[in-house]
>>> print(open('query_11.cif').read())   # mmCIF, N, CA and C atoms
data_run
#
loop_
_atom_site.label_atom_id
_atom_site.label_comp_id
_atom_site.auth_asym_id
_atom_site.auth_seq_id
_atom_site.Cartn_x
_atom_site.Cartn_y
_atom_site.Cartn_z
N MET A 357 0.84 -1.18 0.00
CA MET A 357 0.00 0.00 0.00
C MET A 357 0.89 1.24 0.00
N ASN A 358 0.59 2.17 -0.88
CA ASN A 358 1.42 3.37 -0.92
C ASN A 358 0.90 4.40 0.10
N SER A 359 1.68 5.39 0.36
CA SER A 359 1.35 6.37 1.40
C SER A 359 0.12 7.21 1.04
N ALA A 360 -0.12 7.48 -0.21
CA ALA A 360 -1.29 8.26 -0.63
C ALA A 360 -2.57 7.49 -0.31
N LEU A 361 -2.58 6.18 -0.56
CA LEU A 361 -3.75 5.36 -0.27
C LEU A 361 -3.98 5.25 1.23
N LYS A 362 -2.89 5.12 1.99
CA LYS A 362 -2.99 5.06 3.45
C LYS A 362 -3.59 6.37 3.98
N GLY A 363 -3.17 7.47 3.44
CA GLY A 363 -3.68 8.77 3.86
C GLY A 363 -5.17 8.92 3.56
N LYS A 364 -5.57 8.46 2.38
CA LYS A 364 -6.99 8.53 2.01
C LYS A 364 -7.84 7.63 2.91
N LEU A 365 -7.33 6.44 3.20
CA LEU A 365 -8.06 5.54 4.11
C LEU A 365 -8.18 6.13 5.51
N ALA A 366 -7.10 6.71 6.00
CA ALA A 366 -7.11 7.33 7.33
C ALA A 366 -8.12 8.48 7.36
N LEU A 367 -8.13 9.27 6.31
CA LEU A 367 -9.08 10.39 6.24
C LEU A 367 -10.52 9.88 6.18
N ALA A 368 -10.75 8.82 5.40
CA ALA A 368 -12.10 8.24 5.31
C ALA A 368 -12.56 7.72 6.67
N PHE A 369 -11.67 7.01 7.38
CA PHE A 369 -12.02 6.51 8.72
C PHE A 369 -12.30 7.67 9.67
N LEU A 370 -11.51 8.71 9.59
CA LEU A 370 -11.71 9.88 10.45
C LEU A 370 -13.06 10.53 10.16
N LEU A 371 -13.41 10.68 8.89
CA LEU A 371 -14.69 11.28 8.52
C LEU A 371 -15.87 10.44 9.01
N VAL A 372 -15.76 9.12 8.88
CA VAL A 372 -16.82 8.23 9.36
C VAL A 372 -16.95 8.36 10.88
N PHE A 373 -15.82 8.43 11.58
CA PHE A 373 -15.84 8.58 13.04
C PHE A 373 -16.50 9.90 13.44
N VAL A 374 -16.11 10.98 12.78
CA VAL A 374 -16.68 12.30 13.10
C VAL A 374 -18.18 12.32 12.81
N ALA A 375 -18.59 11.73 11.68
CA ALA A 375 -20.02 11.69 11.35
C ALA A 375 -20.79 10.89 12.39
N GLY A 376 -20.23 9.78 12.84
CA GLY A 376 -20.89 8.98 13.87
C GLY A 376 -20.98 9.72 15.19
N ALA A 377 -19.91 10.41 15.55
CA ALA A 377 -19.91 11.17 16.79
C ALA A 377 -20.94 12.30 16.73
N ALA A 378 -21.01 12.98 15.60
CA ALA A 378 -21.98 14.07 15.46
C ALA A 378 -23.41 13.54 15.53
N THR A 379 -23.66 12.42 14.87
CA THR A 379 -25.00 11.83 14.91
C THR A 379 -25.35 11.41 16.33
N GLY A 380 -24.41 10.76 17.02
CA GLY A 380 -24.65 10.34 18.40
C GLY A 380 -24.92 11.53 19.31
N ALA A 381 -24.15 12.59 19.14
CA ALA A 381 -24.36 13.79 19.96
C ALA A 381 -25.73 14.40 19.70
N PHE A 382 -26.12 14.47 18.43
CA PHE A 382 -27.42 15.04 18.09
C PHE A 382 -28.55 14.20 18.69
N LEU A 383 -28.49 12.89 18.48
CA LEU A 383 -29.55 12.02 19.00
C LEU A 383 -29.57 12.02 20.52
N GLY A 384 -28.39 12.05 21.14
CA GLY A 384 -28.33 12.11 22.60
C GLY A 384 -28.95 13.39 23.14
N PHE A 385 -28.62 14.52 22.52
CA PHE A 385 -29.19 15.79 22.95
C PHE A 385 -30.70 15.79 22.75
N HIS A 386 -31.15 15.26 21.62
CA HIS A 386 -32.59 15.20 21.35
C HIS A 386 -33.29 14.38 22.43
N HIS A 387 -32.73 13.25 22.77
CA HIS A 387 -33.33 12.39 23.81
C HIS A 387 -33.34 13.12 25.15
N LEU A 388 -32.22 13.72 25.52
CA LEU A 388 -32.15 14.43 26.79
C LEU A 388 -33.16 15.57 26.85
N SER A 389 -33.21 16.35 25.80
CA SER A 389 -34.08 17.52 25.83
C SER A 389 -35.56 17.15 25.89
N HIS A 390 -35.94 16.04 25.27
CA HIS A 390 -37.35 15.69 25.24
C HIS A 390 -37.78 14.76 26.36
N HIS A 391 -36.86 14.00 26.93
CA HIS A 391 -37.25 13.00 27.91
C HIS A 391 -36.69 13.26 29.30
N ILE A 392 -35.59 13.95 29.40
CA ILE A 392 -34.97 14.16 30.70
C ILE A 392 -35.16 15.61 31.14
N ILE A 393 -34.70 16.54 30.34
CA ILE A 393 -34.74 17.95 30.72
C ILE A 393 -36.18 18.45 30.78
N MET A 394 -36.93 18.23 29.71
CA MET A 394 -38.31 18.71 29.68
C MET A 394 -39.21 17.82 30.53
N GLY A 395 -38.88 16.54 30.60
CA GLY A 395 -39.65 15.61 31.41
C GLY A 395 -41.01 15.34 30.81
N PRO A 396 -41.81 14.62 31.58
CA PRO A 396 -43.15 14.32 31.08
C PRO A 396 -43.98 15.59 31.03
N PRO A 397 -45.03 15.58 30.24
CA PRO A 397 -45.85 16.79 30.15
C PRO A 397 -46.48 17.11 31.49
N HIS A 398 -46.49 18.37 31.83
CA HIS A 398 -47.18 18.80 33.04
C HIS A 398 -48.68 18.72 32.76
N SER A 399 -49.44 18.55 33.80
CA SER A 399 -50.87 18.32 33.62
C SER A 399 -51.55 19.44 32.84
N GLY A 400 -51.08 20.66 32.97
CA GLY A 400 -51.69 21.76 32.23
C GLY A 400 -51.40 21.71 30.74
N ASP A 401 -50.35 20.98 30.35
CA ASP A 401 -49.97 20.87 28.94
C ASP A 401 -50.76 19.80 28.20
N VAL A 402 -51.36 18.87 28.92
CA VAL A 402 -51.97 17.70 28.29
C VAL A 402 -53.05 18.07 27.26
N PRO A 403 -54.02 18.91 27.59
CA PRO A 403 -55.05 19.18 26.58
C PRO A 403 -54.47 19.82 25.31
N ASP A 404 -53.53 20.74 25.47
CA ASP A 404 -52.93 21.38 24.30
C ASP A 404 -52.15 20.37 23.47
N ARG A 405 -51.43 19.49 24.14
CA ARG A 405 -50.67 18.47 23.40
C ARG A 405 -51.61 17.48 22.70
N MET A 406 -52.68 17.11 23.37
CA MET A 406 -53.65 16.20 22.75
C MET A 406 -54.26 16.85 21.51
N ARG A 407 -54.67 18.12 21.66
CA ARG A 407 -55.28 18.86 20.55
C ARG A 407 -54.32 18.93 19.36
N GLU A 408 -53.09 19.34 19.66
CA GLU A 408 -52.09 19.51 18.60
C GLU A 408 -51.78 18.18 17.93
N HIS A 409 -51.65 17.12 18.71
CA HIS A 409 -51.35 15.80 18.16
C HIS A 409 -52.47 15.34 17.22
N LEU A 410 -53.71 15.45 17.67
CA LEU A 410 -54.84 15.04 16.83
C LEU A 410 -54.97 15.92 15.59
N ARG A 411 -54.79 17.23 15.79
CA ARG A 411 -54.89 18.16 14.66
C ARG A 411 -53.87 17.81 13.59
N ARG A 412 -52.64 17.58 14.02
CA ARG A 412 -51.55 17.31 13.07
C ARG A 412 -51.68 15.93 12.43
N GLU A 413 -51.90 14.91 13.24
CA GLU A 413 -51.91 13.54 12.72
C GLU A 413 -53.16 13.23 11.91
N LEU A 414 -54.30 13.79 12.32
CA LEU A 414 -55.56 13.50 11.62
C LEU A 414 -55.94 14.58 10.62
N ARG A 415 -55.15 15.67 10.59
CA ARG A 415 -55.42 16.79 9.69
C ARG A 415 -56.86 17.27 9.85
N LEU A 416 -57.18 17.62 11.10
CA LEU A 416 -58.54 18.04 11.42
C LEU A 416 -58.87 19.38 10.78
N THR A 417 -60.13 19.52 10.44
CA THR A 417 -60.61 20.82 9.96
C THR A 417 -60.87 21.69 11.18
N THR A 418 -61.05 22.97 10.95
CA THR A 418 -61.35 23.89 12.05
C THR A 418 -62.66 23.48 12.73
N GLU A 419 -63.63 23.08 11.95
CA GLU A 419 -64.91 22.64 12.50
C GLU A 419 -64.73 21.41 13.38
N GLN A 420 -63.93 20.45 12.93
CA GLN A 420 -63.68 19.24 13.72
C GLN A 420 -62.96 19.59 15.02
N GLU A 421 -62.00 20.50 14.93
CA GLU A 421 -61.26 20.92 16.13
C GLU A 421 -62.22 21.51 17.17
N LYS A 422 -63.17 22.33 16.71
CA LYS A 422 -64.13 22.94 17.62
C LYS A 422 -65.01 21.88 18.29
N LYS A 423 -65.41 20.87 17.54
CA LYS A 423 -66.27 19.82 18.09
C LYS A 423 -65.50 18.90 19.04
N ILE A 424 -64.24 18.69 18.77
CA ILE A 424 -63.42 17.78 19.58
C ILE A 424 -62.92 18.46 20.85
N ALA A 425 -62.78 19.77 20.85
CA ALA A 425 -62.22 20.50 21.98
C ALA A 425 -62.90 20.17 23.31
N PRO A 426 -64.24 20.17 23.42
CA PRO A 426 -64.85 19.86 24.71
C PRO A 426 -64.56 18.42 25.17
N ILE A 427 -64.43 17.51 24.22
CA ILE A 427 -64.12 16.12 24.57
C ILE A 427 -62.71 16.04 25.15
N ILE A 428 -61.78 16.74 24.51
CA ILE A 428 -60.41 16.76 25.00
C ILE A 428 -60.33 17.41 26.37
N ASP A 429 -61.07 18.51 26.57
CA ASP A 429 -61.08 19.18 27.87
C ASP A 429 -61.63 18.26 28.97
N ALA A 430 -62.72 17.55 28.66
CA ALA A 430 -63.30 16.63 29.65
C ALA A 430 -62.34 15.48 29.95
N THR A 431 -61.72 14.95 28.92
CA THR A 431 -60.75 13.86 29.10
C THR A 431 -59.58 14.34 29.94
N SER A 432 -59.10 15.52 29.66
CA SER A 432 -57.98 16.07 30.40
C SER A 432 -58.33 16.25 31.88
N ALA A 433 -59.54 16.72 32.15
CA ALA A 433 -59.97 16.89 33.54
C ALA A 433 -60.04 15.55 34.26
N LYS A 434 -60.55 14.53 33.57
CA LYS A 434 -60.60 13.19 34.17
C LYS A 434 -59.20 12.66 34.45
N LEU A 435 -58.29 12.86 33.49
CA LEU A 435 -56.92 12.40 33.67
C LEU A 435 -56.23 13.12 34.82
N GLU A 436 -56.51 14.40 34.97
CA GLU A 436 -55.92 15.17 36.08
C GLU A 436 -56.43 14.64 37.41
N THR A 437 -57.71 14.31 37.49
CA THR A 437 -58.27 13.73 38.72
C THR A 437 -57.58 12.41 39.04
N ILE A 438 -57.40 11.57 38.03
CA ILE A 438 -56.72 10.29 38.23
C ILE A 438 -55.28 10.52 38.68
N ARG A 439 -54.60 11.50 38.07
CA ARG A 439 -53.21 11.79 38.44
C ARG A 439 -53.10 12.22 39.89
N VAL A 440 -53.99 13.11 40.31
CA VAL A 440 -53.96 13.61 41.69
C VAL A 440 -54.25 12.47 42.67
N GLU A 441 -55.28 11.67 42.38
CA GLU A 441 -55.62 10.55 43.26
C GLU A 441 -54.48 9.54 43.34
N THR A 442 -53.86 9.25 42.21
CA THR A 442 -52.76 8.30 42.19
C THR A 442 -51.56 8.84 42.95
N ALA A 443 -51.25 10.10 42.77
CA ALA A 443 -50.13 10.71 43.49
C ALA A 443 -50.35 10.64 44.99
N GLU A 444 -51.57 10.88 45.43
CA GLU A 444 -51.88 10.82 46.86
C GLU A 444 -51.74 9.39 47.37
N ARG A 445 -52.20 8.42 46.60
CA ARG A 445 -52.07 7.02 47.02
C ARG A 445 -50.60 6.61 47.11
N VAL A 446 -49.80 7.02 46.13
CA VAL A 446 -48.37 6.71 46.14
C VAL A 446 -47.71 7.36 47.35
N ARG A 447 -48.03 8.61 47.61
CA ARG A 447 -47.46 9.33 48.75
C ARG A 447 -47.81 8.62 50.06
N THR A 448 -49.05 8.18 50.20
CA THR A 448 -49.48 7.49 51.41
C THR A 448 -48.72 6.18 51.60
N VAL A 449 -48.60 5.41 50.54
CA VAL A 449 -47.88 4.13 50.63
C VAL A 449 -46.42 4.37 50.99
N MET A 450 -45.80 5.37 50.39
CA MET A 450 -44.40 5.66 50.70
C MET A 450 -44.22 6.11 52.14
N GLU A 451 -45.14 6.93 52.64
CA GLU A 451 -45.06 7.37 54.04
C GLU A 451 -45.24 6.20 54.99
N GLU A 452 -46.17 5.30 54.69
CA GLU A 452 -46.37 4.11 55.52
C GLU A 452 -45.12 3.25 55.52
N SER A 453 -44.51 3.10 54.36
CA SER A 453 -43.29 2.31 54.24
C SER A 453 -42.17 2.91 55.09
N LYS A 454 -42.03 4.23 55.02
CA LYS A 454 -40.99 4.90 55.80
C LYS A 454 -41.23 4.70 57.30
N LYS A 455 -42.49 4.76 57.73
CA LYS A 455 -42.82 4.56 59.15
C LYS A 455 -42.47 3.14 59.61
N GLU A 456 -42.60 2.17 58.70
CA GLU A 456 -42.26 0.80 59.05
C GLU A 456 -40.75 0.56 59.03
N VAL A 457 -40.05 1.21 58.12
CA VAL A 457 -38.61 1.01 57.98
C VAL A 457 -37.83 1.75 59.06
N ALA A 458 -38.22 2.96 59.39
CA ALA A 458 -37.46 3.82 60.29
C ALA A 458 -37.11 3.15 61.63
N PRO A 459 -38.03 2.46 62.30
CA PRO A 459 -37.67 1.86 63.59
C PRO A 459 -36.61 0.76 63.48
N LEU A 460 -36.42 0.23 62.28
CA LEU A 460 -35.45 -0.85 62.08
C LEU A 460 -34.04 -0.32 61.81
N LEU A 461 -33.91 0.99 61.69
CA LEU A 461 -32.64 1.61 61.34
C LEU A 461 -31.92 2.14 62.57
N THR A 462 -30.61 2.31 62.42
CA THR A 462 -29.83 2.95 63.48
C THR A 462 -30.15 4.44 63.44
N PRO A 463 -29.81 5.18 64.50
CA PRO A 463 -30.06 6.63 64.47
C PRO A 463 -29.39 7.33 63.28
N GLU A 464 -28.18 6.89 62.92
CA GLU A 464 -27.50 7.49 61.77
C GLU A 464 -28.26 7.20 60.48
N GLN A 465 -28.74 5.96 60.34
CA GLN A 465 -29.50 5.60 59.14
C GLN A 465 -30.83 6.34 59.09
N GLN A 466 -31.46 6.54 60.25
CA GLN A 466 -32.72 7.29 60.29
C GLN A 466 -32.48 8.73 59.84
N LYS A 467 -31.37 9.29 60.29
CA LYS A 467 -31.03 10.66 59.88
C LYS A 467 -30.82 10.72 58.37
N LYS A 468 -30.12 9.72 57.82
CA LYS A 468 -29.88 9.67 56.37
C LYS A 468 -31.21 9.48 55.62
N LEU A 469 -32.11 8.65 56.16
CA LEU A 469 -33.42 8.44 55.54
C LEU A 469 -34.20 9.76 55.50
N ASP A 470 -34.15 10.51 56.59
CA ASP A 470 -34.81 11.82 56.62
C ASP A 470 -34.20 12.77 55.59
N GLN A 471 -32.87 12.70 55.44
CA GLN A 471 -32.18 13.55 54.46
C GLN A 471 -32.60 13.15 53.05
N LEU A 472 -32.68 11.86 52.77
CA LEU A 472 -33.12 11.40 51.45
C LEU A 472 -34.55 11.85 51.17
N ASP A 473 -35.40 11.77 52.18
CA ASP A 473 -36.79 12.21 52.03
C ASP A 473 -36.85 13.70 51.73
N SER A 474 -36.05 14.47 52.43
CA SER A 474 -36.02 15.92 52.21
C SER A 474 -35.54 16.24 50.79
N GLU A 475 -34.50 15.55 50.33
CA GLU A 475 -33.99 15.77 48.98
C GLU A 475 -35.04 15.39 47.94
N HIS A 476 -35.75 14.31 48.19
CA HIS A 476 -36.81 13.88 47.26
C HIS A 476 -37.91 14.94 47.18
N ARG A 477 -38.30 15.48 48.33
CA ARG A 477 -39.35 16.51 48.33
C ARG A 477 -38.90 17.75 47.55
N LYS A 478 -37.63 18.15 47.73
CA LYS A 478 -37.11 19.31 47.01
C LYS A 478 -37.12 19.05 45.51
N MET A 479 -36.73 17.84 45.11
CA MET A 479 -36.71 17.49 43.68
C MET A 479 -38.13 17.52 43.12
N MET A 480 -39.09 17.01 43.88
CA MET A 480 -40.48 17.00 43.42
C MET A 480 -41.00 18.43 43.27
N LEU A 481 -40.69 19.29 44.23
CA LEU A 481 -41.11 20.70 44.12
C LEU A 481 -40.46 21.36 42.92
N HIS A 482 -39.18 21.06 42.70
CA HIS A 482 -38.45 21.63 41.56
C HIS A 482 -39.11 21.24 40.24
N HIS A 483 -39.67 20.04 40.17
CA HIS A 483 -40.31 19.56 38.94
C HIS A 483 -41.79 19.90 38.87
N GLY A 484 -42.25 20.76 39.78
CA GLY A 484 -43.61 21.27 39.66
C GLY A 484 -44.68 20.52 40.41
N PHE A 485 -44.28 19.55 41.24
CA PHE A 485 -45.28 18.83 42.02
C PHE A 485 -45.52 19.59 43.31
N LEU A 486 -46.76 19.75 43.65
CA LEU A 486 -47.12 20.49 44.85
C LEU A 486 -46.84 19.66 46.09
N PRO A 487 -46.58 20.32 47.22
CA PRO A 487 -46.37 19.55 48.45
C PRO A 487 -47.67 18.85 48.84
N PRO A 488 -47.55 17.79 49.63
CA PRO A 488 -48.76 17.06 50.02
C PRO A 488 -49.64 17.92 50.91
N PRO A 489 -50.92 17.68 50.87
CA PRO A 489 -51.81 18.41 51.78
C PRO A 489 -51.53 17.96 53.21
N PRO A 490 -51.88 18.80 54.20
CA PRO A 490 -51.63 18.39 55.59
C PRO A 490 -52.48 17.17 55.92
N PRO A 491 -51.99 16.33 56.84
CA PRO A 491 -52.79 15.17 57.24
C PRO A 491 -54.14 15.61 57.77
N LYS A 492 -55.12 14.75 57.58
CA LYS A 492 -56.49 15.11 57.98
C LYS A 492 -56.63 15.27 59.49
N ASP A 493 -55.75 14.62 60.25
CA ASP A 493 -55.86 14.70 61.70
C ASP A 493 -55.01 15.82 62.31
N LYS A 494 -54.26 16.58 61.47
CA LYS A 494 -53.42 17.68 61.96
C LYS A 494 -53.78 18.95 61.21
N PRO A 495 -53.81 20.08 61.91
CA PRO A 495 -54.04 21.35 61.20
C PRO A 495 -52.79 21.73 60.40
N PRO A 496 -52.95 22.53 59.36
CA PRO A 496 -51.79 22.95 58.57
C PRO A 496 -50.84 23.80 59.40
N SER A 497 -49.55 23.63 59.17
CA SER A 497 -48.57 24.44 59.91
C SER A 497 -48.55 25.84 59.32
N PRO A 498 -48.31 26.85 60.16
CA PRO A 498 -48.30 28.22 59.63
C PRO A 498 -47.12 28.42 58.69
N SER A 499 -47.36 29.21 57.65
CA SER A 499 -46.30 29.51 56.69
C SER A 499 -45.40 30.58 57.26
N PRO A 500 -44.09 30.52 56.96
CA PRO A 500 -43.20 31.57 57.46
C PRO A 500 -43.51 32.90 56.78
N ALA A 501 -43.34 33.95 57.53
CA ALA A 501 -43.62 35.30 57.01
C ALA A 501 -42.56 35.67 55.99
N PRO A 502 -42.94 36.35 54.89
CA PRO A 502 -41.95 36.74 53.86
C PRO A 502 -41.03 37.83 54.31
#
>>> encode(input="query_11.cif", output="structure tokens")
Amino acid sequence: MNSALKGKLALAFLLVFVAGAATGAFLGFHHLSHHIIMGPPHSGDVPDRMREHLRRELRLTTEQEKKIAPIIDATSAKLETIRVETAERVRTVMEESKKEVAPLLTPEQQKKLDQLDSEHRKMMLHHGFLPPPPPKDKPPSPSPAP
């Protein structure tokens, strides 16, 4: 093999590598931006996303969009109710689990469990989830003054 052919092969391999890296970076960023950074749709976004998806995929007319809008709104309200009920059930199960696990831990582990719980609550608030309502048997704690 002469040196000119070796150079061309090296350049071809380099170009293929760069193209693969660029494609991987693009697809990785696309995945991150749509699934990690933006996360799942917030409940307020659902009706608009449903409307837009149906409009685009089914090529709805303006008249069809107007007729479908109340159905989408009603569906969205039902889904929001299910989401809230499910979130409350999950929260209750997790709190019960923590109450059962905590007595089995050392004081240091209990402190770490409380820290993990606090970090989880902060993350949930950061992602737009509201704090849990106060327990039914306890009055709400006063909010700190601004």
>>> atom_distance(input="query_11.cif", atom1="CA of Leu461 (chain A)", atom2="atom N of Glu475 (chain A)")
17.9 Å
>>> atom_distance(input="query_11.cif", atom1="CA of Leu410 (chain A)", atom2="CA of Lys423 (chain A)")
12.5 Å
>>> resolve_selection(input="query_11.cif", expression="the PyMOL selection byres ((chain A and resi 425-437) around 8)", output="VMD selection string")
chain A and resid 399 to 400 402 to 404 406 to 407 419 to 424 438 to 443
>>> atom_distance(input="query_11.cif", atom1="CA of Ala368 (chain A)", atom2="CA of Gly384 (chain A)")
24.0 Å
>>> select_by_dssp(input="query_11.cif", residues="region 402-495 of chain A", states="helix (DSSP H, G or I)", output="ChimeraX atom specification")
/A:402-414,418-460,463-482
